[in-house]
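Next comes entry11.cif, a file with mmCIF, C-alpha atoms and all ligand atoms.
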```
data_start
#
loop_
_atom_site.label_atom_id
_atom_site.label_comp_id
_atom_site.auth_asym_id
_atom_site.auth_seq_id
_atom_site.Cartn_x
_atom_site.Cartn_y
_atom_site.Cartn_z
CA MET A 1 0.00 0.00 0.00
CA ILE A 2 1.43 3.39 -0.96
CA LYS A 3 0.16 6.96 -0.95
CA ALA A 4 -1.85 7.76 -4.06
CA LYS A 5 -0.45 10.42 -6.40
CA TYR A 6 -3.63 12.21 -7.44
CA PHE A 7 -6.06 13.33 -4.74
CA ARG A 8 -7.19 16.39 -2.80
CA GLN A 9 -7.62 16.56 0.96
CA LEU A 10 -10.93 18.04 2.12
CA LYS A 11 -12.39 18.93 5.51
CA ASN A 12 -13.42 16.20 7.97
CA ASP A 13 -10.66 13.94 6.61
CA GLU A 14 -12.54 13.41 3.35
CA VAL A 15 -10.57 13.10 0.11
CA ARG A 16 -11.37 13.55 -3.57
CA CYS A 17 -9.58 11.15 -5.93
CA LEU A 18 -8.36 12.96 -9.04
CA LEU A 19 -7.05 9.99 -11.00
CA CYS A 20 -10.06 9.29 -13.18
CA PRO A 21 -13.16 11.24 -14.23
CA HIS A 22 -15.30 9.57 -11.55
CA TYR A 23 -13.68 11.93 -8.99
CA CYS A 24 -14.75 9.68 -6.08
CA LEU A 25 -15.42 11.56 -2.84
CA LEU A 26 -14.33 9.29 0.00
CA LYS A 27 -14.94 9.52 3.72
CA PRO A 28 -12.32 7.95 6.04
CA GLY A 29 -12.35 4.18 5.58
CA GLU A 30 -14.14 4.30 2.22
CA THR A 31 -12.84 2.70 -0.98
CA GLY A 32 -13.32 4.11 -4.51
CA ARG A 33 -15.50 2.62 -7.23
CA CYS A 34 -12.43 0.86 -8.65
CA ARG A 35 -11.74 -0.94 -5.32
CA ALA A 36 -8.10 0.17 -5.69
CA ARG A 37 -7.95 3.36 -3.61
CA GLN A 38 -8.88 3.87 0.00
CA ASN A 39 -9.13 6.86 2.32
CA GLN A 40 -7.21 6.10 5.50
CA GLN A 41 -7.39 8.94 8.02
CA GLY A 42 -7.60 11.64 5.39
CA ILE A 43 -4.91 10.23 3.05
CA LEU A 44 -5.71 8.39 -0.16
CA TYR A 45 -3.76 5.16 -0.63
CA SER A 46 -3.30 2.86 -3.60
CA ILE A 47 -4.23 -0.44 -1.95
CA ASN A 48 -3.44 -2.64 -4.94
CA TYR A 49 0.19 -1.55 -5.48
CA ALA A 50 2.18 -4.51 -6.90
CA LYS A 51 -0.74 -6.87 -6.27
CA THR A 52 -1.03 -8.99 -9.36
CA VAL A 53 -4.04 -11.12 -10.12
CA THR A 54 -2.73 -12.90 -13.20
CA ILE A 55 0.55 -13.38 -15.09
CA SER A 56 1.01 -15.04 -18.45
CA MET A 57 2.90 -14.93 -21.74
CA ASP A 58 0.81 -13.92 -24.76
CA PRO A 59 1.51 -13.19 -28.41
CA MET A 60 1.64 -9.41 -29.01
CA GLU A 61 -1.25 -9.83 -31.45
CA LYS A 62 -3.51 -11.00 -28.62
CA LYS A 63 -3.46 -7.56 -26.87
CA PRO A 64 -4.38 -6.73 -29.74
CA LEU A 65 -1.37 -4.87 -31.12
CA TYR A 66 -0.59 -5.45 -34.79
CA HIS A 67 1.75 -2.52 -35.45
CA TYR A 68 4.05 -2.92 -32.45
CA HIS A 69 6.69 -5.65 -32.68
CA PRO A 70 4.63 -8.18 -34.67
CA GLY A 71 5.16 -11.80 -33.66
CA GLU A 72 6.83 -11.08 -30.32
CA MET A 73 5.70 -12.62 -27.04
CA ILE A 74 4.77 -10.30 -24.18
CA LEU A 75 4.54 -10.88 -20.44
CA SER A 76 1.05 -9.81 -19.44
CA ILE A 77 -0.01 -8.87 -15.93
CA GLY A 78 -3.12 -7.36 -14.39
CA SER A 79 -4.45 -6.03 -11.11
CA ASN A 80 -7.70 -6.87 -9.34
CA SER A 81 -9.59 -3.66 -10.14
CA CYS A 82 -11.37 -1.55 -12.73
CA ASN A 83 -12.96 1.90 -12.77
CA LEU A 84 -15.67 0.79 -15.21
CA SER A 85 -18.41 -1.76 -14.63
CA CYS A 86 -19.27 -2.94 -18.14
CA ASP A 87 -22.23 -5.34 -18.31
CA PHE A 88 -20.36 -7.24 -21.04
CA CYS A 89 -16.93 -7.35 -19.35
CA GLN A 90 -14.95 -10.26 -20.79
CA ASN A 91 -12.74 -10.42 -17.65
CA TYR A 92 -15.39 -9.69 -15.01
CA THR A 93 -14.22 -12.44 -12.64
CA ILE A 94 -10.99 -10.53 -11.99
CA SER A 95 -12.06 -6.94 -12.73
CA GLN A 96 -15.28 -6.77 -10.71
CA PHE A 97 -14.73 -9.17 -7.80
CA ASP A 98 -12.06 -9.60 -5.15
CA VAL A 99 -9.83 -12.61 -5.82
CA PRO A 100 -6.46 -13.75 -4.42
CA VAL A 101 -3.45 -11.69 -5.55
CA LYS A 102 0.33 -12.16 -5.58
CA GLU A 103 2.94 -9.55 -4.78
CA LEU A 104 5.18 -8.62 -7.70
CA ASN A 105 6.97 -5.34 -7.05
CA PRO A 106 8.70 -3.48 -9.93
CA GLU A 107 12.13 -4.91 -9.06
CA GLN A 108 10.75 -8.45 -8.97
CA LEU A 109 9.01 -7.84 -12.29
CA LEU A 110 12.31 -6.74 -13.84
CA GLU A 111 14.07 -9.78 -12.37
CA LEU A 112 11.39 -12.04 -13.85
CA CYS A 113 11.97 -10.42 -17.26
CA ASP A 114 15.76 -10.76 -16.95
CA GLN A 115 15.60 -14.40 -15.91
CA ASN A 116 13.28 -15.33 -18.76
CA ARG A 117 14.70 -13.01 -21.45
CA ILE A 118 11.42 -11.15 -21.77
CA ASN A 119 11.53 -7.99 -23.87
CA PHE A 120 7.99 -6.68 -23.46
CA VAL A 121 5.52 -6.27 -20.59
CA ALA A 122 1.81 -5.46 -20.87
CA PHE A 123 -0.40 -4.07 -18.13
CA THR A 124 -3.67 -5.59 -19.21
CA TYR A 125 -6.65 -7.93 -18.48
CA THR A 126 -8.22 -5.49 -15.98
CA GLU A 127 -7.68 -1.70 -15.85
CA PRO A 128 -4.07 -0.47 -15.53
CA ILE A 129 -5.25 3.10 -14.85
CA THR A 130 -6.46 1.93 -11.43
CA TRP A 131 -2.96 0.50 -10.85
CA PHE A 132 -1.45 3.89 -11.64
CA GLU A 133 1.44 4.19 -9.15
CA TYR A 134 2.58 0.62 -9.77
CA VAL A 135 2.37 0.90 -13.57
CA LEU A 136 4.31 4.18 -13.43
CA ASP A 137 7.10 2.77 -11.22
CA ALA A 138 7.31 -0.52 -13.12
CA ALA A 139 7.20 1.11 -16.57
CA LYS A 140 10.09 3.45 -15.63
CA ILE A 141 12.28 0.56 -14.46
CA LEU A 142 11.38 -1.57 -17.48
CA GLN A 143 12.09 1.20 -19.98
CA ASP A 144 15.41 1.95 -18.25
CA ASN A 145 16.29 -1.67 -18.95
CA LYS A 146 15.16 -1.52 -22.60
CA ILE A 147 11.99 -3.53 -22.04
CA GLY A 148 8.99 -2.31 -24.04
CA THR A 149 5.90 -1.32 -22.06
CA VAL A 150 2.30 -1.75 -23.17
CA MET A 151 -1.02 -0.71 -21.68
CA VAL A 152 -4.39 -2.13 -22.69
CA THR A 153 -6.87 0.33 -21.29
CA ASN A 154 -10.37 1.80 -21.31
CA GLY A 155 -8.81 5.28 -21.52
CA PHE A 156 -10.97 6.63 -18.67
CA ILE A 157 -8.28 8.73 -17.00
CA ASN A 158 -7.78 12.42 -16.26
CA GLN A 159 -5.35 14.39 -18.40
CA GLU A 160 -2.77 15.22 -15.74
CA PRO A 161 -2.01 11.61 -14.70
CA LEU A 162 -2.14 10.56 -18.35
CA LYS A 163 0.52 13.15 -19.17
CA GLU A 164 2.74 11.83 -16.38
CA LEU A 165 2.37 8.19 -17.40
CA LEU A 166 2.51 8.33 -21.18
CA PRO A 167 6.27 9.00 -21.61
CA PHE A 168 6.90 5.59 -20.02
CA ILE A 169 4.44 3.65 -22.17
CA ASN A 170 5.63 2.48 -25.59
CA ALA A 171 2.35 1.18 -26.95
CA MET A 172 -1.31 1.29 -26.03
CA ASN A 173 -4.51 -0.29 -27.14
CA ILE A 174 -7.48 1.83 -26.08
CA ASP A 175 -10.92 0.31 -26.01
CA LEU A 176 -13.36 2.75 -27.63
CA LYS A 177 -16.59 1.01 -26.70
CA SER A 178 -19.06 3.24 -28.51
CA MET A 179 -19.52 6.79 -29.80
CA ASP A 180 -22.70 7.08 -27.75
CA ASP A 181 -22.44 8.65 -24.30
CA ASP A 182 -25.67 6.90 -23.27
CA PHE A 183 -23.96 3.53 -24.00
CA TYR A 184 -21.09 4.46 -21.68
CA GLN A 185 -23.43 5.62 -18.91
CA ARG A 186 -25.96 2.78 -19.17
CA LEU A 187 -23.67 -0.19 -19.78
CA CYS A 188 -20.26 0.86 -18.38
CA GLY A 189 -20.94 3.34 -15.58
CA ALA A 190 -18.74 5.89 -17.34
CA ARG A 191 -18.75 8.64 -19.97
CA LEU A 192 -17.52 8.88 -23.52
CA GLN A 193 -15.74 12.26 -23.72
CA PRO A 194 -12.78 11.45 -21.42
CA VAL A 195 -12.01 8.37 -23.54
CA LEU A 196 -12.04 10.47 -26.72
CA ASP A 197 -9.75 12.99 -25.00
CA THR A 198 -7.32 10.20 -24.05
CA ILE A 199 -7.21 8.94 -27.63
CA ARG A 200 -6.59 12.43 -29.04
CA TYR A 201 -3.88 13.18 -26.49
CA SER A 202 -2.10 9.82 -26.88
CA SER A 203 -2.03 9.78 -30.66
CA GLY A 204 1.51 10.38 -31.87
CA LYS A 205 2.97 9.98 -28.38
CA CYS A 206 3.10 6.18 -28.37
CA CYS A 207 2.27 3.33 -30.71
CA LEU A 208 -1.54 3.54 -30.49
CA GLU A 209 -4.24 1.12 -31.65
CA ILE A 210 -8.00 1.17 -31.04
CA THR A 211 -10.41 -1.69 -30.32
CA ASN A 212 -14.18 -1.62 -30.68
CA LEU A 213 -16.23 -4.60 -29.44
CA LEU A 214 -19.31 -4.78 -31.65
CA ILE A 215 -22.39 -5.73 -29.59
CA PRO A 216 -25.58 -6.52 -31.53
CA GLY A 217 -28.31 -3.97 -30.89
CA GLU A 218 -26.07 -1.75 -28.78
CA ASN A 219 -23.30 -0.22 -30.89
CA ASP A 220 -23.36 -2.03 -34.25
CA SER A 221 -25.60 0.26 -36.33
CA GLU A 222 -24.11 1.70 -39.50
CA SER A 223 -24.37 5.23 -38.09
CA GLN A 224 -22.52 4.20 -34.88
CA ILE A 225 -19.75 2.51 -36.84
CA GLN A 226 -19.52 5.48 -39.18
CA ALA A 227 -19.25 7.92 -36.26
CA LEU A 228 -16.44 5.87 -34.72
CA VAL A 229 -14.56 5.67 -38.00
CA ASP A 230 -15.01 9.42 -38.60
CA PHE A 231 -13.59 10.19 -35.15
CA ILE A 232 -10.53 7.99 -35.68
CA GLN A 233 -9.97 9.41 -39.15
CA ASP A 234 -10.07 12.89 -37.65
CA VAL A 235 -7.40 11.89 -35.09
CA ASP A 236 -5.18 9.96 -37.52
CA ASP A 237 -6.30 7.71 -40.37
CA GLN A 238 -3.19 5.53 -39.86
CA LEU A 239 -4.31 4.37 -36.40
CA PRO A 240 -5.04 0.63 -36.58
CA LEU A 241 -8.66 -0.17 -35.69
CA HIS A 242 -9.71 -3.61 -34.43
CA PHE A 243 -13.40 -4.57 -34.58
CA SER A 244 -13.88 -7.42 -32.14
CA LYS A 245 -16.58 -10.09 -32.03
CA TYR A 246 -18.67 -10.06 -28.84
CA TYR A 247 -19.83 -13.21 -27.04
CA PRO A 248 -22.39 -13.16 -24.17
CA GLN A 249 -20.57 -12.55 -20.92
CA TYR A 250 -21.26 -11.36 -17.35
CA LYS A 251 -24.63 -9.52 -17.28
CA MET A 252 -25.18 -9.23 -21.02
CA THR A 253 -27.14 -11.90 -22.86
CA ASN A 254 -27.36 -10.42 -26.39
CA GLN A 255 -26.51 -12.94 -29.12
CA PRO A 256 -22.88 -13.06 -30.37
CA THR A 257 -21.96 -10.59 -33.12
CA PRO A 258 -22.75 -12.13 -36.53
CA ASP A 259 -19.60 -12.40 -38.65
CA ALA A 260 -21.40 -10.47 -41.38
CA THR A 261 -21.62 -7.43 -39.06
CA LEU A 262 -17.86 -7.51 -38.54
CA TYR A 263 -17.14 -7.74 -42.26
CA GLU A 264 -19.58 -4.90 -42.96
CA ALA A 265 -17.92 -2.75 -40.27
CA LYS A 266 -14.53 -3.44 -41.84
CA LYS A 267 -15.86 -2.44 -45.25
CA ILE A 268 -17.19 0.86 -43.86
CA ALA A 269 -13.97 1.59 -41.97
CA GLU A 270 -11.64 0.80 -44.86
CA LYS A 271 -13.15 3.64 -46.86
CA LYS A 272 -11.52 6.09 -44.43
CA LEU A 273 -8.88 4.24 -42.38
CA LYS A 274 -5.69 2.61 -43.62
CA TYR A 275 -5.48 -0.39 -41.27
CA VAL A 276 -8.60 -2.27 -40.12
CA TYR A 277 -8.58 -5.70 -38.48
CA LEU A 278 -11.14 -8.14 -37.08
CA GLY A 279 -10.75 -9.90 -33.74
CA ASN A 280 -12.25 -13.03 -32.14
CA ILE A 281 -13.01 -14.60 -35.52
CA LEU A 282 -10.97 -16.69 -37.91
CA THR A 283 -10.17 -14.41 -40.80
CA ASP A 284 -7.39 -12.89 -42.89
CA ASN A 285 -5.77 -10.40 -40.54
CA ASN A 286 -2.77 -9.65 -42.67
CA THR A 287 -1.43 -6.14 -43.13
CA TYR A 288 -1.57 -4.86 -46.70
CA CYS A 289 -0.10 -1.70 -48.16
CA PRO A 290 -2.89 0.88 -48.11
CA LYS A 291 -1.65 2.27 -51.43
CA CYS A 292 -0.81 -0.72 -53.67
CA LYS A 293 -2.37 -3.58 -51.62
CA LYS A 294 0.88 -5.57 -51.48
CA LEU A 295 0.95 -8.13 -48.62
CA LEU A 296 3.29 -6.70 -45.95
CA ILE A 297 2.75 -8.76 -42.79
CA SER A 298 1.25 -12.23 -43.06
CA ARG A 299 -0.37 -13.57 -39.89
CA GLU A 300 -1.33 -17.00 -41.20
CA ASN A 301 0.06 -19.66 -38.81
CA ARG A 302 3.12 -17.53 -38.09
CA ILE A 303 4.18 -13.94 -38.65
CA ARG A 304 6.00 -13.22 -41.91
CA ASN A 305 7.36 -9.77 -42.57
CA TYR A 306 7.69 -8.66 -46.22
CA LEU A 307 8.45 -5.02 -45.47
CA ASN A 308 11.59 -3.35 -46.68
CA GLU A 309 12.52 -1.81 -43.33
CA ASN A 310 9.41 0.33 -42.77
CA ARG A 311 8.43 0.67 -46.39
CA CYS A 312 6.29 -1.24 -48.83
CA PRO A 313 8.79 -3.11 -51.07
CA ASP A 314 6.68 -2.36 -54.17
CA CYS A 315 5.53 1.27 -53.91
CA ASN A 316 7.83 2.54 -51.12
CA THR A 317 4.95 3.81 -48.93
CA ILE A 318 6.01 4.29 -45.29
CA ILE A 319 4.14 1.82 -43.07
CA PRO A 320 3.81 2.79 -39.37
CA ILE A 321 4.87 -0.49 -37.75
CA GLU A 322 7.44 -0.53 -34.95
CA PHE A 323 9.94 -3.40 -34.89
S1 LIG B 1 -9.43 5.91 -9.76
FE1 LIG B 1 -10.86 4.77 -8.48
S2 LIG B 1 -11.05 5.95 -6.61
FE2 LIG B 1 -10.12 7.29 -8.14
S3 LIG B 1 -11.84 8.43 -9.05
FE3 LIG B 1 -11.48 6.63 -10.34
S4 LIG B 1 -12.83 5.03 -9.52
FE4 LIG B 1 -12.70 6.63 -7.97
#
```
Would you mind giving the structure from this file in structure tokens?
Amino acid sequence: MIKAKYFRQLKNDEVRCLLCPHYCLLKPGETGRCRARQNQQGILYSINYAKTVTISMDPMEKKPLYHYHPGEMILSIGSNSCNLSCDFCQNYTISQFDVPVKELNPEQLLELCDQNRINFVAFTYTEPITWFEYVLDAAKILQDNKIGTVMVTNGFINQEPLKELLPFINAMNIDLKSMDDDFYQRLCGARLQPVLDTIRYSSGKCCLEITNLLIPGENDSESQIQALVDFIQDVDDQLPLHFSKYYPQYKMTNQPTPDATLYEAKKIAEKKLKYVYLGNILTDNNTYCPKCKKLLISRENRIRNYLNENRCPDCNTIIPIEF
């Protein structure tokens, strides 16, 4: 347990957490909505520092990150907390409920990487924002030791902490769940605008990709998909976008996303964005040159790279993929 970085002390030993746009107001003894921060005698503490709920090795593509070190394996760790409460959470057993945790402080994490020759670490599965102090300390140590850092996040964070953290994060996948604020309020207990602000601010400052889980009847209309594509195009049309297939999970019982919806979404997006991929279905997820359509990265069975450094070998277009 360590003192939280972003909070304000108020009268009667109350505190206001300033880490995310929920701005929880906590009386002594109370814990925030994320279950990760607690007011103890007028001081806000991060109570999940270094407490890890799960550790595993994943392919980079599983994050999903397709334009950051394709084909590499990445050590993936997560905490036992989240500041959203999505009805369709795919990891609800560890994000929404208390489960046993293991201590893994930043030095131990580095040692684990050294011993196993691990070059990349992802803060993922649950919400790394609610693990802020730990992610910041660990990311600094990892980067100092030339280990790439990745965050898979809902993007629901205030600008000041985001600005402090981002220089130590090499790549991020931000989940843009919908372009409808009502969707965020009704199904996630959050709001849309802070997520859009995070995407705008982070673009160009790290290797950024966006994921959108398409849920039938909730965010899969043509107008919703179009609005999402228009927003990303406005930020940067080279940002990779992943449409992901939804399966019923946690409190949501809607039918799984039909494959046809995913293909249609891809068709709409490809009119304005250069790199669009589909997740959770078996399909061609290769990277093609947006100009001449040459195959650049094949992801069938194993990763094959046909790029000439960072350029298309046929038409010489620069392709934003970090190796
Ligand atoms: S980080 Fe947690 S405690 Fe802080 S405002 Fe967000 S939900 Fe509340």
Contacts of Arg16 of chain A at 6 Å (all atoms listed in the file; same-chain gap of 3+ positions) as a list in words: Phe7, Arg8, Cys24 and Leu25 of chain A
Distance table requested - chain A against ligand LIG 1 (chain B), cut-off 12 Å, all atoms listed in the file: one row per qualifying residue with the closest atom pair and its distance in Å to one decimal, ordered by chain and rising residue number, as a tab-separated table.
```
residue	atom	partner	partner_atom	distance
A:Ala4	CA	B:LIG1	FE2	9.2
A:Lys5	CA	B:LIG1	FE2	10.3
A:Tyr6	CA	B:LIG1	FE2	8.2
A:Phe7	CA	B:LIG1	FE2	8.0
A:Arg8	CA	B:LIG1	FE2	11.0
A:Val15	CA	B:LIG1	S2	9.8
A:Arg16	CA	B:LIG1	S3	7.5
A:Cys17	CA	B:LIG1	FE2	4.5
A:Leu18	CA	B:LIG1	S3	5.7
A:Leu19	CA	B:LIG1	S1	4.9
A:Cys20	CA	B:LIG1	FE3	4.1
A:Pro21	CA	B:LIG1	S3	6.0
A:His22	CA	B:LIG1	S3	4.4
A:Tyr23	CA	B:LIG1	S3	4.0
A:Cys24	CA	B:LIG1	FE4	4.1
A:Leu25	CA	B:LIG1	FE4	7.6
A:Leu26	CA	B:LIG1	S2	8.1
A:Lys27	CA	B:LIG1	S2	11.6
A:Glu30	CA	B:LIG1	S2	9.5
A:Thr31	CA	B:LIG1	S2	6.7
A:Gly32	CA	B:LIG1	S2	3.6
A:Arg33	CA	B:LIG1	S4	4.3
A:Cys34	CA	B:LIG1	FE1	4.2
A:Arg35	CA	B:LIG1	FE1	6.6
A:Ala36	CA	B:LIG1	FE1	6.0
A:Arg37	CA	B:LIG1	S2	5.0
A:Gln38	CA	B:LIG1	S2	7.3
A:Asn39	CA	B:LIG1	S2	9.2
A:Leu44	CA	B:LIG1	S2	8.7
A:Tyr45	CA	B:LIG1	S2	9.5
A:Ser46	CA	B:LIG1	S2	8.9
A:Ile47	CA	B:LIG1	S2	10.4
A:Asn48	CA	B:LIG1	FE1	11.1
A:Ser81	CA	B:LIG1	FE1	8.7
A:Cys82	CA	B:LIG1	S4	7.5
A:Asn83	CA	B:LIG1	S4	4.5
A:Leu84	CA	B:LIG1	S4	7.6
A:Ser85	CA	B:LIG1	S4	10.2
A:Glu127	CA	B:LIG1	S1	9.9
A:Pro128	CA	B:LIG1	S1	10.1
A:Ile129	CA	B:LIG1	S1	7.2
A:Thr130	CA	B:LIG1	S1	5.2
A:Trp131	CA	B:LIG1	S1	8.5
A:Phe132	CA	B:LIG1	S1	8.4
A:Glu133	CA	B:LIG1	S1	11.0
A:Gly155	CA	B:LIG1	FE3	11.6
A:Phe156	CA	B:LIG1	FE3	8.3
A:Ile157	CA	B:LIG1	FE3	7.7
A:Asn158	CA	B:LIG1	FE3	9.1
A:Pro161	CA	B:LIG1	S1	10.6
A:Gly189	CA	B:LIG1	S4	10.3
A:Ala190	CA	B:LIG1	S4	9.8
```
Proximity of segment 114-217 of chain A to segment 87-100 of chain A: per-residue shortest pair, 7 Å limit, all atoms listed in the file, as a Markdown table:
```
| residue | atom | partner | partner_atom | distance |
| --- | --- | --- | --- | --- |
| A:Tyr125 | CA | A:Asn91 | CA | 6.6 |
| A:Thr126 | CA | A:Ser95 | CA | 5.2 |
| A:Leu187 | CA | A:Asp87 | CA | 5.5 |
| A:Cys188 | CA | A:Asp87 | CA | 6.5 |
```
Atom CA of Arg299 of chain A to atom CA of Leu112 of chain A, distance in Å rounded to a single decimal: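 Going from atom CA of Arg299 of chain A over to atom CA of Leu112 of chain A covers 28.6 Å.
Once Ile118 of chain A and its same-chain neighbours fewer than 5 positions away are set aside, Ser56, Met57, Asp58, Glu72, Met73, Ile74, Leu75, Ser76, Leu109, Leu110, Glu111, Leu112, Cys113, Leu142, Asn145, Lys146, Ile147, Gly148 and Thr149 of chain A remain within 12 Å of it when counting all atoms listed in the file.
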Could you produce a table of the residues of segment 203-225 of chain A lying within 10 Å of segment 276-294 of chain A, with the nearest pair of atoms per residue and their separation in Å rounded to one decimal, using all atoms listed in the file, ordered by chain and increasing residue number, as CSV?
```
residue,atom,partner,partner_atom,distance
A:Ile210,CA,A:Val276,CA,9.7
A:Thr211,CA,A:Gly279,CA,8.9
A:Asn212,CA,A:Gly279,CA,9.5
A:Leu213,CA,A:Gly279,CA,8.8
```
Neighbouring residues of Leu104 of chain A were defined as those with any atom within 12 Å, considering all atoms listed in the file; residues of the same chain fewer than 2 positions away were excluded. Please report them as an mmCIF file with C-alpha atoms, in the coordinates of the input.
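Final file, around.cif:
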```cif
data_model
loop_
_atom_site.group_PDB
_atom_site.id
_atom_site.type_symbol
_atom_site.label_atom_id
_atom_site.label_comp_id
_atom_site.auth_asym_id
_atom_site.auth_seq_id
_atom_site.Cartn_x
_atom_site.Cartn_y
_atom_site.Cartn_z
ATOM 1 C CA ASN A 48 -3.440 -2.640 -4.940
ATOM 2 C CA TYR A 49 0.190 -1.550 -5.480
ATOM 3 C CA ALA A 50 2.180 -4.510 -6.900
ATOM 4 C CA LYS A 51 -0.740 -6.870 -6.270
ATOM 5 C CA THR A 52 -1.030 -8.990 -9.360
ATOM 6 C CA VAL A 53 -4.040 -11.120 -10.120
ATOM 7 C CA THR A 54 -2.730 -12.900 -13.200
ATOM 8 C CA ILE A 55 0.550 -13.380 -15.090
ATOM 9 C CA ILE A 77 -0.010 -8.870 -15.930
ATOM 10 C CA GLY A 78 -3.120 -7.360 -14.390
ATOM 11 C CA SER A 79 -4.450 -6.030 -11.110
ATOM 12 C CA VAL A 101 -3.450 -11.690 -5.550
ATOM 13 C CA LYS A 102 0.330 -12.160 -5.580
ATOM 14 C CA PRO A 106 8.700 -3.480 -9.930
ATOM 15 C CA GLU A 107 12.130 -4.910 -9.060
ATOM 16 C CA GLN A 108 10.750 -8.450 -8.970
ATOM 17 C CA LEU A 109 9.010 -7.840 -12.290
ATOM 18 C CA LEU A 110 12.310 -6.740 -13.840
ATOM 19 C CA GLU A 111 14.070 -9.780 -12.370
ATOM 20 C CA LEU A 112 11.390 -12.040 -13.850
ATOM 21 C CA CYS A 113 11.970 -10.420 -17.260
ATOM 22 C CA TYR A 134 2.580 0.620 -9.770
ATOM 23 C CA VAL A 135 2.370 0.900 -13.570
ATOM 24 C CA ALA A 138 7.310 -0.520 -13.120
#
```
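Excluding Asp181 of chain A and any residue on its chain fewer than 2 positions from it, the residues at most 9 Å away by all atoms listed in the file are Ser178, Met179, Phe183, Tyr184, Gln185, Arg186, Ala190, Arg191, Leu192 and Gln193 of chain A.
Minimum atom-to-atom distances from A:Asn116, A:Ser203, A:Asn80, A:Thr198 to Leu162 of chain A were compared using all atoms listed in the file, and the lowest value belongs to A:Thr198.
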Residue contacts of segment 303-310 of chain A (12 Å, only C-alpha atoms) excluding same-chain residues fewer than 2 positions away, as JSON, numbers by chain: {"A": [59, 60, 61, 66, 67, 69, 70, 71, 72, 73, 285, 286, 287, 288, 289, 294, 295, 296, 297, 298, 299, 300, 301, 312, 313, 314, 315, 316, 317, 318, 319, 320, 321, 322, 323]}
Kindly export the residues of the current selection with C-alpha atoms, as a PDB file, keeping the file's coordinate frame.
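again-v1.pdb, freshly written:
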```pdb
ATOM      1  CA  PRO A  59       1.510 -13.190 -28.410  1.00  0.00           C
ATOM      2  CA  MET A  60       1.640  -9.410 -29.010  1.00  0.00           C
ATOM      3  CA  GLU A  61      -1.250  -9.830 -31.450  1.00  0.00           C
ATOM      4  CA  TYR A  66      -0.590  -5.450 -34.790  1.00  0.00           C
ATOM      5  CA  HIS A  67       1.750  -2.520 -35.450  1.00  0.00           C
ATOM      6  CA  HIS A  69       6.690  -5.650 -32.680  1.00  0.00           C
ATOM      7  CA  PRO A  70       4.630  -8.180 -34.670  1.00  0.00           C
ATOM      8  CA  GLY A  71       5.160 -11.800 -33.660  1.00  0.00           C
ATOM      9  CA  GLU A  72       6.830 -11.080 -30.320  1.00  0.00           C
ATOM     10  CA  MET A  73       5.700 -12.620 -27.040  1.00  0.00           C
ATOM     11  CA  ASN A 285      -5.770 -10.400 -40.540  1.00  0.00           C
ATOM     12  CA  ASN A 286      -2.770  -9.650 -42.670  1.00  0.00           C
ATOM     13  CA  THR A 287      -1.430  -6.140 -43.130  1.00  0.00           C
ATOM     14  CA  TYR A 288      -1.570  -4.860 -46.700  1.00  0.00           C
ATOM     15  CA  CYS A 289      -0.100  -1.700 -48.160  1.00  0.00           C
ATOM     16  CA  LYS A 294       0.880  -5.570 -51.480  1.00  0.00           C
ATOM     17  CA  LEU A 295       0.950  -8.130 -48.620  1.00  0.00           C
ATOM     18  CA  LEU A 296       3.290  -6.700 -45.950  1.00  0.00           C
ATOM     19  CA  ILE A 297       2.750  -8.760 -42.790  1.00  0.00           C
ATOM     20  CA  SER A 298       1.250 -12.230 -43.060  1.00  0.00           C
ATOM     21  CA  ARG A 299      -0.370 -13.570 -39.890  1.00  0.00           C
ATOM     22  CA  GLU A 300      -1.330 -17.000 -41.200  1.00  0.00           C
ATOM     23  CA  ASN A 301       0.060 -19.660 -38.810  1.00  0.00           C
ATOM     24  CA  CYS A 312       6.290  -1.240 -48.830  1.00  0.00           C
ATOM     25  CA  PRO A 313       8.790  -3.110 -51.070  1.00  0.00           C
ATOM     26  CA  ASP A 314       6.680  -2.360 -54.170  1.00  0.00           C
ATOM     27  CA  CYS A 315       5.530   1.270 -53.910  1.00  0.00           C
ATOM     28  CA  ASN A 316       7.830   2.540 -51.120  1.00  0.00           C
ATOM     29  CA  THR A 317       4.950   3.810 -48.930  1.00  0.00           C
ATOM     30  CA  ILE A 318       6.010   4.290 -45.290  1.00  0.00           C
ATOM     31  CA  ILE A 319       4.140   1.820 -43.070  1.00  0.00           C
ATOM     32  CA  PRO A 320       3.810   2.790 -39.370  1.00  0.00           C
ATOM     33  CA  ILE A 321       4.870  -0.490 -37.750  1.00  0.00           C
ATOM     34  CA  GLU A 322       7.440  -0.530 -34.950  1.00  0.00           C
ATOM     35  CA  PHE A 323       9.940  -3.400 -34.890  1.00  0.00           C
TER      36      PHE A 323
END
```
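Of the residues listed (A:Leu214, A:Pro64, A:Asp175, A:Val150), A:Leu214 shows the shortest atom-to-atom separation from Pro248 of chain A; distances use all atoms listed in the file.
As for atom CA of Thr257 of chain A and atom CA of Leu196 of chain A, they are spaced 24.1 Å apart.
Between atom CA of Ile268 of chain A and atom CA of Asn173 of chain A lies a distance of 21.0 Å.
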Nearest to Cys207 of chain A by atom-to-atom distance, counting all atoms listed in the file, from A:Phe243, A:Tyr250, A:Phe168, A:Phe231: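 Looking only at the distances to Cys207 of chain A, the closest residue turns out to be A:Phe168.
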Taking all atoms of segment 116-124 of chain A that the file lists, what box with edges along x, y and z, padded by 4 Å per side, do you get, with centre and edge lengths in Å to one decimal, as AutoDock Vina command-line options?
```
--center_x 5.5 --center_y -9.7 --center_z -21.0 --size_x 26.4 --size_y 19.3 --size_z 13.7
```
